[in-house]
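Below you'll find the structure, written out as structure tokens, and then a few comments.
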Amino acid sequence: MHFKLDNLVFVILIAACLGCSQSQDDLIANETNTAEWLAYGRTHSEQRFSPLDDIDTTTVSQLKVDWYLDLPNDVALVSTPLVVDGVLYFTGTMNRVRAVDATNGKMIWEFDPEVAKHVKDRKPGWTQSRGLSYYNGKIFLATWEGRLIAVDAKTGKQLWSALTIESGKKMSITGAPKAFAGKVLIGNGGSEATANRGYVTAYDAETGKLAWRFYIVPGNPADGFESDAMKMAAETWTGEWWKYGGGGNAWHGFTYDHELHTLYIGTGNGGPWNPKVRSEHGGDNLFLSSIVALNPDDGSYKWHYQTTPGDAWDYNSNMDIVLATLNIKGKATKVLMHAPKNGFFYVINRETGKFISAKPFAETTWATEIDSVTGIPKIAVNARYDSGSTYITPSPHGAHSWHAMSFNPSTGLAYIPTIHDAVVYTNDNVDFNSWKENPSKGGIAVSLRGADNMPRPYTGSLQAWNPVTQKQEWIVPLKELWNAGTLTTAGSLVFQGTADGKFHAYNAYTGKLLWTFDAGLGISAAPITYKINGKQYVALLVGWGGAFAGVGNKSLGWEYNKHMRRLLVFSLDGNATVPPQPPPYYPKPYVDKEFKIDPALADKGQRLYGNCSGCHGPGMVAMGMAPDLRASPIPLNIESFRQVVTQGVKANMGMPSFNEELTEDDLLALMHFIRKRAHDDADTSSGERVGH
Ligand code: CA
């Protein structure tokens, strides 16, 4: 009886699979579908390689703008578009999704998840998302405050919505969902915020019903563990880690392996960063800063590889996980490639989880090498700053961040947007008792200061890396550190946009620069390519964004209101004329001579300004993500200032209401601090900043 029933269920499952998920996965995984951009990294491999070759090393010099879409209501644009059945889908500011005709930009639909209405206490940087996922006629998006939403790809009508972060939790989503085999997966960020325990969740792609959840760090043993994997992980923690939450949040780096029906998750750093606080007697702290392989059907653990055991430097492993078959010691081997923040390039056997090799693609002072047999890093003396301050590179920006790495199977090279930066870590001025008394307060529990010497004369580079020999093939030095992700093609090309607003194409074999377009605004999104009616297009979103765009290089001059955010689409016979961008702009602080600055109020305002600096810039020098407050007319008047800061009239533009945090007196204090900064900066610099 049981035997028959089981067989029947089995037959139904097979039939259901053939009817939907299997064929859909073939569509996304099928490397012979050359025309479209079906998933975040084009296909499930996440290679960001396109087999299209009409645009190649000889024709690329003819590349011109075919059509463009001005996006005046957007600010930061960091997402990778999708192209499915002739429609280009992209997500912009405040998680608004547009579907446009991929041949001319004509709007088909727009979906607004109304983030401003849903956001409660999760605030800074809440405007941007890195992408979308397509599956079975649906587009999946994730919103900043934690919803995973399915909309009909044809109409843009919402089909379902699931809240993936409990209300009140200080977590948020900037990553693209990952749809595969009938499910859709999403994680979240927030390792540094209040006592968060990171996790990923998979939902049924059709219904939005929760399928499974995998926690990245173990909870309180007294509550029992969810799985043997959590029990194993708990052995690698010490002290009362669960009170701190542990972190490990997976905010980026989800790859589905169609060949092996396995899911790989890149996990985050620990919270707080200082391991002495988080896990006071040491320990590797699984599954922080790791690649974890999961069974996609039920989320059960398969294997893991930890890139940074006992992390002390914010070296999360949330960067792309790229799949390929490489010739390793004469044998075709299914591998995954990963270049996390810690500066080593990893090649891992994805069938077994076994370490193959790792070499530094940037300077690494925290570890001298990765043991070639065990895959365990040799941590440098005092790298964990136990006995005095120490110079560490990579910095917390990482040697590589979320800006996409690509891999070209023809050249055999990976193209990595690389950061060369250093910071001094120290326990000085860290009050360990305050974390003991209030473990859930969150934060980093370490002091950082700028390093006097940098690892290179340039802070950014594009480099081509050979994963088999683990050697750099070529490098292009870049002046700025926050450059965009890469695309590589069968036309032997690599495309990349840069922080200083240029869109470049290079010879993928040699690194020779072949073509440049000046977009006139910092580029933070990765380009894509697709072909419709015999014409190859290259598409790119232009809109300076990501964490560094709020706090980074003030000399770039990308202004919140002045520079047009755009979707640019190129082809070999393009003849569109794009209106020119204004030159880099440096706002002039407004000095109100009538305003009497009260020093005590200004001091108080300076302390409160910590709430604002992530977007309006440290030292109040804004960098394009938000207006420069010294030059804004709004803080000149208490009434207009109140409307924006505590009444939320600009919520739709990404300025949250601080109604619960700030009193009327706080508002006044902030006004005095803003006027003081405007006054001081006007005095010292005549209101002009030095350009680049
Ligand atoms: Ca982090």
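Ligands are numbered from 1 in the order shown, chains are lettered A, B, ... in the order of the structure tokens, and residues start at 1 in each chain.
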
All residues having an atom within 7 Å of ligand 1 (only C-alpha atoms and all ligand atoms) as a PyMOL selection string: chain A and resi 191-192+268-269+314+316

Please tabulate, as CSV, the residues of region 195-297 of chain A that come within 12 Å of region 348-353 of chain A, each with its closest pair of atoms and the distance in Å to one decimal, counting only C-alpha atoms and ordering rows by chain, then residue number upward.
residue,atom,partner,partner_atom,distance
A:Thr255,CA,A:Arg350,CA,11.5
A:Tyr256,CA,A:Arg350,CA,11.4
A:Asp257,CA,A:Arg350,CA,8.9
A:His258,CA,A:Arg350,CA,11.8
A:Glu259,CA,A:Glu351,CA,9.8
A:Leu260,CA,A:Glu351,CA,7.3
A:His261,CA,A:Glu351,CA,10.3
A:Thr262,CA,A:Arg350,CA,9.0
A:Leu263,CA,A:Arg350,CA,10.3
A:Tyr264,CA,A:Arg350,CA,9.2
A:Ser290,CA,A:Gly353,CA,11.6
A:Ile291,CA,A:Gly353,CA,9.2
A:Val292,CA,A:Gly353,CA,9.1
A:Ala293,CA,A:Gly353,CA,8.0
A:Leu294,CA,A:Gly353,CA,11.2

Now that the selection is made, can you save its residues with N, CA, C and O atoms as a compact mmCIF listing (two decimals), in the first residue's frame?
# COMPACT_ATOMS: atom_id res chain seq x y z
N THR A 255 24.52 31.69 -5.22
CA THR A 255 24.68 31.03 -6.52
C THR A 255 24.00 29.66 -6.47
O THR A 255 24.19 28.90 -5.53
N TYR A 256 23.21 29.39 -7.53
CA TYR A 256 22.57 28.08 -7.65
C TYR A 256 23.33 27.28 -8.71
O TYR A 256 23.51 27.73 -9.83
N ASP A 257 23.76 26.09 -8.33
CA ASP A 257 24.52 25.22 -9.22
C ASP A 257 23.54 24.23 -9.85
O ASP A 257 23.11 23.27 -9.20
N HIS A 258 23.19 24.49 -11.10
CA HIS A 258 22.21 23.66 -11.79
C HIS A 258 22.77 22.26 -12.05
O HIS A 258 22.04 21.28 -11.97
N GLU A 259 24.07 22.17 -12.33
CA GLU A 259 24.69 20.87 -12.61
C GLU A 259 24.65 19.94 -11.40
O GLU A 259 24.44 18.75 -11.51
N LEU A 260 24.88 20.52 -10.21
CA LEU A 260 24.99 19.71 -9.00
C LEU A 260 23.79 19.89 -8.06
O LEU A 260 23.78 19.34 -6.96
N HIS A 261 22.80 20.66 -8.52
CA HIS A 261 21.61 20.96 -7.71
C HIS A 261 22.03 21.31 -6.26
O HIS A 261 21.66 20.65 -5.29
N THR A 262 22.85 22.34 -6.17
CA THR A 262 23.38 22.80 -4.88
C THR A 262 23.33 24.32 -4.85
O THR A 262 23.47 24.98 -5.88
N LEU A 263 23.11 24.85 -3.67
CA LEU A 263 23.07 26.29 -3.48
C LEU A 263 24.30 26.71 -2.68
O LEU A 263 24.65 26.04 -1.70
N TYR A 264 24.98 27.76 -3.12
CA TYR A 264 26.14 28.28 -2.37
C TYR A 264 25.79 29.66 -1.83
O TYR A 264 25.31 30.51 -2.58
N SER A 290 32.27 32.69 5.16
CA SER A 290 32.40 31.35 4.57
C SER A 290 31.60 31.24 3.29
O SER A 290 30.75 32.09 2.99
N ILE A 291 31.88 30.18 2.55
CA ILE A 291 30.96 29.70 1.53
C ILE A 291 30.29 28.47 2.14
O ILE A 291 30.98 27.55 2.60
N VAL A 292 28.96 28.48 2.19
CA VAL A 292 28.23 27.34 2.72
C VAL A 292 27.41 26.74 1.59
O VAL A 292 26.66 27.45 0.91
N ALA A 293 27.58 25.43 1.36
CA ALA A 293 26.81 24.73 0.33
C ALA A 293 25.59 24.09 0.99
O ALA A 293 25.71 23.41 2.01
N LEU A 294 24.41 24.34 0.40
CA LEU A 294 23.16 23.86 0.97
C LEU A 294 22.39 23.01 -0.03
O LEU A 294 22.52 23.20 -1.25

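Within the 7 Å cut-off around region 507-519 of chain A, using only C-alpha atoms and omitting residues fewer than 6 positions from it on the same chain, the listed residues are Thr57, Val60, Ser61, Thr411, Trp474, Ile475, Val476, Ser492, Leu493, Val494 and Gly501 of chain A.
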
Restricted to C-alpha atoms, what would the selected residues look like written as a compact mmCIF listing (two decimals), in the first residue's frame?
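So again.txt came out as:
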# COMPACT_ATOMS: atom_id res chain seq x y z
CA THR A 57 37.98 44.07 -30.38
CA VAL A 60 33.99 48.21 -30.42
CA SER A 61 35.43 51.57 -31.48
CA THR A 411 40.47 33.66 -22.10
CA TRP A 474 47.24 42.12 -16.49
CA ILE A 475 46.23 45.15 -14.43
CA VAL A 476 44.80 48.58 -15.22
CA SER A 492 37.24 39.21 -26.39
CA LEU A 493 36.13 42.29 -24.47
CA VAL A 494 35.84 43.39 -20.86
CA GLY A 501 32.17 58.46 -14.74

query: Which residues come within 10 Å of Ser161 (chain A), counting only C-alpha atoms, excluding same-chain residues fewer than 2 positions away, as a ChimeraX atom specification?
result: /A:113,140-142,147-151,158-159,163-164,207-209

Selection: 8 Å around region 174-177 of chain A, only C-alpha atoms, excl. self and same-chain fewer than 3 positions, as a count of residues only: 21

Across A:Trp313, A:Phe345, A:Tyr301, A:Trp482, the smallest distance to Thr365 (chain A), with only C-alpha atoms counted, is shown by A:Trp313

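Summary of the local environment: counting only C-alpha atoms, residues at most 12 Å from Asn533 (chain A), other than itself and those fewer than 3 positions away along its chain, are A:Ala35, A:Glu36, A:Asp85, A:Gly86, A:Ala102, A:Thr103, A:Tyr530, A:Gln536, A:Tyr537.
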
Any idea what's packed within 7 Å of Arg98 (chain A), counting only C-alpha atoms, ignoring anything in its chain fewer than 2 positions away? Could you give it as a tab-separated table (two decimals) with C-alpha atoms, in the first residue's frame?
chain	number	residue	atom	x	y	z
A	89	TYR	CA	13.79	44.96	-16.33
A	90	PHE	CA	15.69	47.03	-13.80
A	91	THR	CA	15.36	48.23	-10.21
A	96	ARG	CA	11.02	50.83	-7.93
A	100	VAL	CA	10.91	48.69	-20.81
A	109	TRP	CA	5.12	49.01	-16.69
A	110	GLU	CA	6.44	50.37	-13.42
A	111	PHE	CA	6.04	48.74	-10.02

- Task: DSSP on the backbone, then: every residue of region 119-223 of chain A marked strand (DSSP E), written as an NGL selection string.
- Result: :A and (133-135 or 138-142 or 147-152 or 158-163 or 178-180 or 183-186 or 199-204 or 210-215)

Here CA of Leu629 (chain A) and CA of Met564 (chain A) stand apart by 19.9 Å

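DSSP secondary structure from the backbone places Val115, Ala116, Lys117, His118, Asp228, Ala229, Met230, Lys231, Met232, Ala233, Ala234, Pro275, Lys276, Val277 and Arg278 of chain A of region 113-295 of chain A in alpha helix (DSSP H).
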
For the residues selected in the previous step, produce a file with N, CA and C atoms as a short mmCIF file (atom, residue, chain, number, x, y, z; two decimals), in the first residue's frame.
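Contents of the output file result_19.cif:
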data_model
loop_
_atom_site.label_atom_id
_atom_site.label_comp_id
_atom_site.auth_asym_id
_atom_site.auth_seq_id
_atom_site.Cartn_x
_atom_site.Cartn_y
_atom_site.Cartn_z
N VAL A 115 8.22 51.71 -0.56
CA VAL A 115 9.13 51.44 0.56
C VAL A 115 8.94 52.45 1.69
N ALA A 116 8.74 53.71 1.32
CA ALA A 116 8.62 54.76 2.36
C ALA A 116 7.49 54.47 3.33
N LYS A 117 6.42 53.83 2.83
CA LYS A 117 5.28 53.52 3.70
C LYS A 117 5.57 52.35 4.63
N HIS A 118 6.50 51.47 4.20
CA HIS A 118 6.75 50.25 4.97
C HIS A 118 7.94 50.35 5.92
N ASP A 228 21.99 19.78 13.05
CA ASP A 228 23.34 19.32 13.42
C ASP A 228 24.39 20.33 12.99
N ALA A 229 24.11 21.02 11.87
CA ALA A 229 25.07 22.02 11.38
C ALA A 229 25.25 23.12 12.42
N MET A 230 24.15 23.54 13.07
CA MET A 230 24.24 24.59 14.09
C MET A 230 24.97 24.07 15.34
N LYS A 231 24.75 22.79 15.65
CA LYS A 231 25.44 22.18 16.78
C LYS A 231 26.95 22.17 16.51
N MET A 232 27.32 21.80 15.29
CA MET A 232 28.73 21.79 14.89
C MET A 232 29.31 23.21 14.95
N ALA A 233 28.54 24.18 14.43
CA ALA A 233 29.01 25.57 14.43
C ALA A 233 29.24 26.08 15.85
N ALA A 234 28.37 25.67 16.78
CA ALA A 234 28.46 26.16 18.16
C ALA A 234 29.77 25.77 18.83
N PRO A 275 36.75 40.11 17.67
CA PRO A 275 36.43 38.76 18.12
C PRO A 275 36.52 38.62 19.64
N LYS A 276 37.31 39.49 20.29
CA LYS A 276 37.43 39.43 21.76
C LYS A 276 36.10 39.74 22.44
N VAL A 277 35.28 40.54 21.78
CA VAL A 277 33.97 40.87 22.33
C VAL A 277 32.97 39.78 21.95
N ARG A 278 32.99 39.40 20.68
CA ARG A 278 31.97 38.52 20.11
C ARG A 278 32.08 37.08 20.62
#

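Here CA of Val373 (chain A) stands at a distance of 18.7 Å from CA of Asn327 (chain A).
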
Across A:Trp37, A:Lys106, A:Asp297, A:Thr663, the smallest distance to Asp70 (chain A), with only C-alpha atoms counted, is shown by A:Lys106

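Atom pair CA of Ile532 (chain A) / CA of Leu323 (chain A) has a distance of 26.7 Å (rounded to one decimal).
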